[in-house]
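Chemist: Have a peek at entry.cif (mmCIF, N, CA and C atoms).
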data_run
#
loop_
_atom_site.label_atom_id
_atom_site.label_comp_id
_atom_site.auth_asym_id
_atom_site.auth_seq_id
_atom_site.Cartn_x
_atom_site.Cartn_y
_atom_site.Cartn_z
N MET A 1 197.07 83.00 90.63
CA MET A 1 196.50 84.30 90.84
C MET A 1 195.08 84.10 91.39
N SER A 2 194.76 84.82 92.45
CA SER A 2 193.45 84.68 93.07
C SER A 2 192.52 85.79 92.60
N SER A 3 191.28 85.60 92.89
CA SER A 3 190.29 86.59 92.43
C SER A 3 190.32 87.83 93.33
N LEU A 4 189.67 88.85 92.90
CA LEU A 4 189.62 90.11 93.63
C LEU A 4 188.89 89.93 94.96
N LYS A 5 187.86 89.10 94.96
CA LYS A 5 187.11 88.83 96.18
C LYS A 5 188.01 88.18 97.23
N ASP A 6 188.79 87.23 96.82
CA ASP A 6 189.70 86.57 97.75
C ASP A 6 190.74 87.54 98.27
N ALA A 7 191.19 88.45 97.42
CA ALA A 7 192.19 89.42 97.83
C ALA A 7 191.61 90.41 98.85
N LEU A 8 190.37 90.82 98.65
CA LEU A 8 189.74 91.74 99.60
C LEU A 8 189.46 91.05 100.94
N LEU A 9 189.05 89.78 100.91
CA LEU A 9 188.83 89.03 102.15
C LEU A 9 190.15 88.82 102.90
N LYS A 10 191.22 88.61 102.18
CA LYS A 10 192.54 88.43 102.78
C LYS A 10 193.02 89.73 103.42
N ALA A 11 192.61 90.88 102.84
CA ALA A 11 193.00 92.19 103.37
C ALA A 11 192.18 92.56 104.60
N GLY A 12 191.11 91.83 104.88
CA GLY A 12 190.32 92.09 106.08
C GLY A 12 188.97 92.74 105.82
N LEU A 13 188.60 92.90 104.60
CA LEU A 13 187.29 93.48 104.28
C LEU A 13 186.24 92.38 104.25
N LYS A 14 185.07 92.68 104.81
CA LYS A 14 183.99 91.71 104.84
C LYS A 14 182.86 92.18 103.94
N ALA A 15 182.13 91.25 103.40
CA ALA A 15 180.95 91.58 102.59
C ALA A 15 179.80 91.91 103.53
N SER A 16 179.07 92.95 103.21
CA SER A 16 177.93 93.32 104.06
C SER A 16 176.66 92.70 103.50
N SER A 17 175.68 92.52 104.39
CA SER A 17 174.43 91.91 103.95
C SER A 17 173.58 92.96 103.22
N PRO A 18 172.70 92.55 102.31
CA PRO A 18 171.90 93.50 101.55
C PRO A 18 170.93 94.32 102.42
N GLN A 19 170.50 93.78 103.58
CA GLN A 19 169.58 94.52 104.44
C GLN A 19 170.26 95.75 105.05
N VAL A 20 171.52 95.67 105.32
CA VAL A 20 172.23 96.78 105.93
C VAL A 20 172.40 97.92 104.92
N LEU A 21 172.66 97.59 103.69
CA LEU A 21 172.87 98.61 102.67
C LEU A 21 171.57 99.35 102.32
N LYS A 22 170.48 98.62 102.35
CA LYS A 22 169.21 99.22 101.95
C LYS A 22 168.54 99.84 103.18
N LYS A 23 168.51 101.17 103.23
CA LYS A 23 167.90 101.87 104.35
C LYS A 23 166.55 102.41 103.92
N ASP A 24 165.63 102.49 104.87
CA ASP A 24 164.31 103.08 104.58
C ASP A 24 164.45 104.58 104.46
N LYS A 25 163.96 105.11 103.36
CA LYS A 25 164.01 106.54 103.15
C LYS A 25 162.86 107.20 103.92
N PRO A 26 163.11 108.35 104.51
CA PRO A 26 162.01 109.03 105.21
C PRO A 26 160.99 109.56 104.20
N LYS A 27 159.72 109.58 104.62
CA LYS A 27 158.67 110.07 103.74
C LYS A 27 158.75 111.59 103.67
N ARG A 28 158.77 112.10 102.47
CA ARG A 28 158.91 113.54 102.28
C ARG A 28 157.57 114.22 102.06
N HIS A 29 156.57 113.47 101.72
CA HIS A 29 155.27 114.04 101.41
C HIS A 29 154.30 113.77 102.55
N GLY A 30 153.26 114.58 102.61
CA GLY A 30 152.25 114.43 103.64
C GLY A 30 151.37 113.23 103.37
N PRO A 31 150.29 113.13 104.10
CA PRO A 31 149.40 111.98 103.89
C PRO A 31 148.76 112.02 102.51
N LYS A 32 148.48 110.84 101.97
CA LYS A 32 147.95 110.75 100.62
C LYS A 32 146.48 111.12 100.53
N ASN A 33 145.79 111.16 101.66
CA ASN A 33 144.36 111.47 101.62
C ASN A 33 144.08 112.95 101.87
N LYS A 34 145.06 113.81 101.68
CA LYS A 34 144.87 115.24 101.87
C LYS A 34 143.93 115.77 100.79
N VAL A 35 142.97 116.58 101.19
CA VAL A 35 141.98 117.09 100.26
C VAL A 35 142.31 118.54 99.94
N HIS A 36 142.39 118.84 98.67
CA HIS A 36 142.62 120.21 98.23
C HIS A 36 141.26 120.87 98.01
N THR A 37 141.01 121.97 98.71
CA THR A 37 139.69 122.58 98.65
C THR A 37 139.45 123.30 97.33
N HIS A 38 140.51 123.76 96.68
CA HIS A 38 140.30 124.51 95.44
C HIS A 38 139.92 123.64 94.26
N GLN A 39 140.05 122.33 94.37
CA GLN A 39 139.78 121.46 93.23
C GLN A 39 138.29 121.27 92.98
N GLY A 40 137.45 121.59 93.93
CA GLY A 40 136.02 121.44 93.75
C GLY A 40 135.33 122.70 93.26
N HIS A 41 136.09 123.73 92.94
CA HIS A 41 135.52 125.00 92.54
C HIS A 41 135.36 125.10 91.03
N ARG A 42 134.35 125.83 90.62
CA ARG A 42 134.15 126.09 89.19
C ARG A 42 135.07 127.22 88.77
N THR A 43 135.77 127.05 87.67
CA THR A 43 136.67 128.08 87.18
C THR A 43 136.42 128.42 85.71
N PHE A 44 135.37 127.88 85.13
CA PHE A 44 135.09 128.10 83.71
C PHE A 44 133.97 129.11 83.57
N CYS A 45 134.25 130.23 82.90
CA CYS A 45 133.25 131.26 82.64
C CYS A 45 132.47 130.84 81.39
N GLU A 46 131.14 130.76 81.54
CA GLU A 46 130.29 130.32 80.43
C GLU A 46 130.02 131.43 79.42
N VAL A 47 130.40 132.65 79.71
CA VAL A 47 130.17 133.76 78.78
C VAL A 47 131.36 133.90 77.84
N CYS A 48 132.56 134.03 78.39
CA CYS A 48 133.75 134.24 77.55
C CYS A 48 134.49 132.94 77.24
N ASN A 49 134.02 131.81 77.78
CA ASN A 49 134.62 130.48 77.53
C ASN A 49 136.10 130.42 77.89
N ARG A 50 136.44 131.00 79.05
CA ARG A 50 137.83 130.96 79.53
C ARG A 50 137.85 130.37 80.94
N THR A 51 138.99 129.87 81.33
CA THR A 51 139.19 129.38 82.69
C THR A 51 139.85 130.48 83.49
N LEU A 52 139.13 130.98 84.51
CA LEU A 52 139.61 132.08 85.33
C LEU A 52 139.40 131.75 86.80
N PRO A 53 140.18 132.35 87.71
CA PRO A 53 140.04 132.01 89.13
C PRO A 53 138.88 132.69 89.83
N ASP A 54 138.24 133.67 89.22
CA ASP A 54 137.21 134.45 89.91
C ASP A 54 135.82 134.26 89.29
N VAL A 55 135.43 133.02 89.08
CA VAL A 55 134.12 132.69 88.51
C VAL A 55 133.14 132.45 89.67
N GLU A 56 131.98 133.07 89.58
CA GLU A 56 130.95 132.94 90.61
C GLU A 56 129.61 132.63 89.94
N HIS A 57 128.66 132.13 90.73
CA HIS A 57 127.32 131.82 90.22
C HIS A 57 126.41 133.02 90.46
N TYR A 58 125.73 133.46 89.40
CA TYR A 58 124.82 134.60 89.48
C TYR A 58 123.42 134.14 89.08
N ASN A 59 122.43 134.46 89.90
CA ASN A 59 121.03 134.24 89.57
C ASN A 59 120.47 135.57 89.06
N HIS A 60 120.80 135.91 87.85
CA HIS A 60 120.47 137.23 87.31
C HIS A 60 119.27 137.15 86.39
N ARG A 61 118.78 138.32 86.01
CA ARG A 61 117.63 138.40 85.09
C ARG A 61 117.99 139.14 83.82
N ASN A 62 119.25 139.16 83.46
CA ASN A 62 119.71 139.84 82.26
C ASN A 62 119.40 138.94 81.05
N PRO A 63 118.52 139.39 80.14
CA PRO A 63 118.13 138.52 79.02
C PRO A 63 119.23 138.34 77.97
N THR A 64 120.24 139.19 77.96
CA THR A 64 121.29 139.06 76.94
C THR A 64 122.34 138.01 77.32
N VAL A 65 122.35 137.61 78.59
CA VAL A 65 123.32 136.61 79.05
C VAL A 65 122.56 135.36 79.47
N LYS A 66 122.84 134.25 78.83
CA LYS A 66 122.14 132.99 79.12
C LYS A 66 122.87 132.13 80.15
N ALA A 67 124.05 132.55 80.58
CA ALA A 67 124.88 131.75 81.48
C ALA A 67 124.68 132.18 82.93
N ASN A 68 125.02 131.28 83.86
CA ASN A 68 124.95 131.59 85.28
C ASN A 68 126.33 131.63 85.93
N TRP A 69 127.28 130.84 85.44
CA TRP A 69 128.63 130.88 85.98
C TRP A 69 129.43 131.90 85.19
N ILE A 70 129.70 133.04 85.82
CA ILE A 70 130.25 134.20 85.11
C ILE A 70 131.46 134.73 85.87
N CYS A 71 132.49 135.14 85.13
CA CYS A 71 133.67 135.74 85.75
C CYS A 71 133.38 137.21 86.06
N VAL A 72 134.28 137.84 86.80
CA VAL A 72 134.06 139.23 87.23
C VAL A 72 134.06 140.16 86.03
N GLN A 73 134.95 139.97 85.08
CA GLN A 73 135.03 140.86 83.93
C GLN A 73 133.76 140.81 83.11
N CYS A 74 133.21 139.63 82.90
CA CYS A 74 131.97 139.50 82.12
C CYS A 74 130.78 140.06 82.89
N ALA A 75 130.74 139.85 84.19
CA ALA A 75 129.65 140.39 85.00
C ALA A 75 129.69 141.92 84.98
N ASP A 76 130.87 142.50 85.01
CA ASP A 76 131.00 143.96 84.94
C ASP A 76 130.61 144.48 83.56
N SER A 77 131.05 143.80 82.52
CA SER A 77 130.77 144.29 81.16
C SER A 77 129.30 144.14 80.79
N HIS A 78 128.59 143.16 81.37
CA HIS A 78 127.17 142.97 81.08
C HIS A 78 126.27 143.61 82.12
N SER A 79 126.85 144.40 83.02
CA SER A 79 126.12 145.16 84.05
C SER A 79 125.23 144.28 84.90
N ILE A 80 125.80 143.19 85.39
CA ILE A 80 125.08 142.29 86.30
C ILE A 80 125.47 142.69 87.72
N SER A 81 124.49 143.05 88.52
CA SER A 81 124.74 143.51 89.88
C SER A 81 125.28 142.37 90.74
N ASP A 82 126.10 142.73 91.71
CA ASP A 82 126.67 141.73 92.60
C ASP A 82 125.65 141.22 93.61
N ASN A 83 124.49 141.86 93.71
CA ASN A 83 123.43 141.37 94.59
C ASN A 83 122.87 140.04 94.11
N PHE A 84 123.06 139.71 92.83
CA PHE A 84 122.57 138.45 92.27
C PHE A 84 123.57 137.31 92.44
N ARG A 85 124.73 137.59 93.03
CA ARG A 85 125.75 136.56 93.22
C ARG A 85 125.32 135.65 94.36
N THR A 86 125.33 134.33 94.12
CA THR A 86 124.86 133.37 95.12
C THR A 86 125.99 132.56 95.74
N THR A 87 127.18 132.59 95.19
CA THR A 87 128.28 131.79 95.73
C THR A 87 129.39 132.67 96.25
N ASN A 88 130.20 132.08 97.08
CA ASN A 88 131.39 132.71 97.64
C ASN A 88 132.53 131.72 97.50
N GLN A 89 132.71 131.18 96.29
CA GLN A 89 133.58 130.03 96.12
C GLN A 89 134.97 130.35 95.61
N SER A 90 135.21 131.48 95.01
CA SER A 90 136.54 131.76 94.48
C SER A 90 137.48 132.20 95.59
N GLU A 91 138.77 132.03 95.35
CA GLU A 91 139.77 132.41 96.35
C GLU A 91 139.72 133.91 96.64
N HIS A 92 139.52 134.72 95.61
CA HIS A 92 139.45 136.17 95.82
C HIS A 92 138.25 136.55 96.68
N SER A 93 137.15 135.89 96.49
CA SER A 93 135.95 136.19 97.24
C SER A 93 136.10 135.77 98.70
N ARG A 94 136.69 134.62 98.95
CA ARG A 94 136.85 134.16 100.32
C ARG A 94 137.89 134.95 101.09
N GLN A 95 138.88 135.50 100.39
CA GLN A 95 139.90 136.31 101.04
C GLN A 95 139.50 137.78 101.12
N ARG A 96 138.30 138.09 100.67
CA ARG A 96 137.73 139.45 100.69
C ARG A 96 138.54 140.44 99.86
N ILE A 97 139.12 139.98 98.75
CA ILE A 97 139.78 140.88 97.82
C ILE A 97 139.03 140.91 96.49
N PHE A 98 137.81 140.38 96.50
CA PHE A 98 136.94 140.34 95.32
C PHE A 98 136.35 141.74 95.15
N ARG A 99 136.64 142.42 94.05
CA ARG A 99 136.16 143.77 93.82
C ARG A 99 135.43 143.85 92.49
N ARG A 100 134.35 144.60 92.50
CA ARG A 100 133.54 144.78 91.30
C ARG A 100 133.70 146.21 90.79
N GLU A 101 133.68 146.37 89.49
CA GLU A 101 133.73 147.69 88.86
C GLU A 101 132.32 148.26 88.75
N TYR A 102 131.33 147.38 88.59
CA TYR A 102 129.94 147.80 88.40
C TYR A 102 129.19 147.61 89.72
N GLY A 103 128.89 148.67 90.40
CA GLY A 103 128.09 148.61 91.62
C GLY A 103 128.88 148.13 92.82
N PRO A 104 128.20 148.06 93.98
CA PRO A 104 128.88 147.64 95.20
C PRO A 104 129.14 146.13 95.22
N THR A 105 130.14 145.74 95.99
CA THR A 105 130.49 144.33 96.13
C THR A 105 129.71 143.72 97.29
N LYS A 106 129.09 142.59 97.04
CA LYS A 106 128.31 141.91 98.07
C LYS A 106 129.24 141.28 99.10
N ARG A 107 128.90 141.44 100.37
CA ARG A 107 129.69 140.86 101.46
C ARG A 107 128.98 139.64 102.01
N PHE A 108 129.71 138.54 102.10
CA PHE A 108 129.17 137.32 102.69
C PHE A 108 129.62 137.25 104.14
N ALA A 109 128.92 136.47 104.93
CA ALA A 109 129.29 136.29 106.33
C ALA A 109 130.64 135.59 106.40
N ALA A 110 131.40 135.93 107.42
CA ALA A 110 132.73 135.32 107.58
C ALA A 110 132.57 133.84 107.89
N GLN A 111 133.43 133.04 107.28
CA GLN A 111 133.38 131.60 107.49
C GLN A 111 134.21 131.26 108.71
N GLY A 112 133.56 130.94 109.80
CA GLY A 112 134.25 130.59 111.03
C GLY A 112 134.63 129.12 111.04
N PRO A 113 135.23 128.67 112.14
CA PRO A 113 135.57 127.25 112.23
C PRO A 113 134.35 126.39 112.34
N LYS A 114 134.38 125.26 111.69
CA LYS A 114 133.23 124.36 111.68
C LYS A 114 133.29 123.47 112.92
N ASN A 115 132.24 123.49 113.70
CA ASN A 115 132.15 122.63 114.88
C ASN A 115 131.17 121.52 114.61
N SER A 116 131.66 120.29 114.63
CA SER A 116 130.80 119.17 114.34
C SER A 116 130.16 118.61 115.61
N ASP A 117 130.58 119.09 116.81
CA ASP A 117 130.03 118.56 118.03
C ASP A 117 128.75 119.26 118.48
N LYS A 118 128.30 120.25 117.77
CA LYS A 118 127.07 120.96 118.13
C LYS A 118 125.88 120.39 117.44
#
What is this file in structure tokens?

Modeler:
Amino acid sequence: MSSLKDALLKAGLKASSPQVLKKDKPKRHGPKNKVHTHQGHRTFCEVCNRTLPDVEHYNHRNPTVKANWICVQCADSHSISDNFRTTNQSEHSRQRIFRREYGPTKRFAAQGPKNSDK
């Protein structure tokens, strides 16, 4: 009685090399050095101690609030005007859907394309 390998070779089947079986898989992900812009933003409100997406920096003169990085809800509840807002870093603010309940909303200049050749 012969082995299974001998029987398959006798039937006409050949063994394939390991390089043929192992194929390179296509890369499914983008480049590894892609930079996510939202990861550099502050999201921690120093007044209510929560992580929220709409935290901005305020240079205010309100003596009851000792913090500068404040979310929209805390800024509205402590009556901090939007004129004291110095950053435009949250997604809501950059997409111009940032709305305040207390007073008018400050408008920042539109961020155009950055030209490094000038």

Chemist: How many Å lie between CA of Ala109 in chain A and CA of Gln73 in chain A, rounded to one decimal?

Modeler: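 Those two atoms sit 23.6 Å apart.
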
Chemist: Using only C-alpha atoms, which residue out of A:Arg99, A:His57, A:Val65, A:Ala15 lies closest to Thr87 in chain A?

Modeler: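 With only C-alpha atoms as the atom set, the closest residue is A:His57.
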
Chemist: Compile the contact shell of Asn62 in chain A as an MDAnalysis selection string: residues with an atom at most 10 Å away, counting only C-alpha atoms, same-chain residues fewer than 6 positions apart removed.

Modeler: chainID A and resid 78:81

Chemist: Can you list what the PyMOL selection byres (((chain A and resi 104 and name CA) around 12) and name CA) grabs from this structure, as a PyMOL selection string?

Modeler: chain A and resi 76+79-85+98-103+105-107

Chemist: Please report the interatomic distance between atom N of Gln89 in chain A and atom C of Asp54 in chain A in Å with one decimal.

Modeler: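 Going from atom N of Gln89 in chain A over to atom C of Asp54 in chain A, I get 8.3 Å.
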
Chemist: For the point (130.5, 128.8, 83.2) in the file's frame, write as a ChimeraX atom specification all residues with an atom no more than 7 Å away, counting only C-alpha atoms.

Modeler: /A:44-47,67-70

Chemist: Find the smallest box with edges along x, y and z containing every listed atom of range 85-100 of chain A, then add 4 Å on each side and report centre and edge lengths in Å to one decimal, as AutoDock Vina command-line options.

Modeler:
--center_x 132.3 --center_y 138.1 --center_z 96.0 --size_x 23.2 --size_y 24.2 --size_z 18.3

Chemist: Just to confirm, what's the straight-line distance from CA of Leu52 in chain A to CA of Lys66 in chain A in Å (one decimal)?

Modeler: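 The value is 18.6 Å.
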
Chemist: Hey, which of A:Ser77, A:Asn59, A:Lys14, A:Ser90 ends up closest to Arg42 in chain A? Count all atoms listed in the file.

Modeler: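 Checking each of A:Ser77, A:Asn59, A:Lys14, A:Ser90 against Arg42 in chain A, counting all atoms listed in the file, the winner is A:Ser90.
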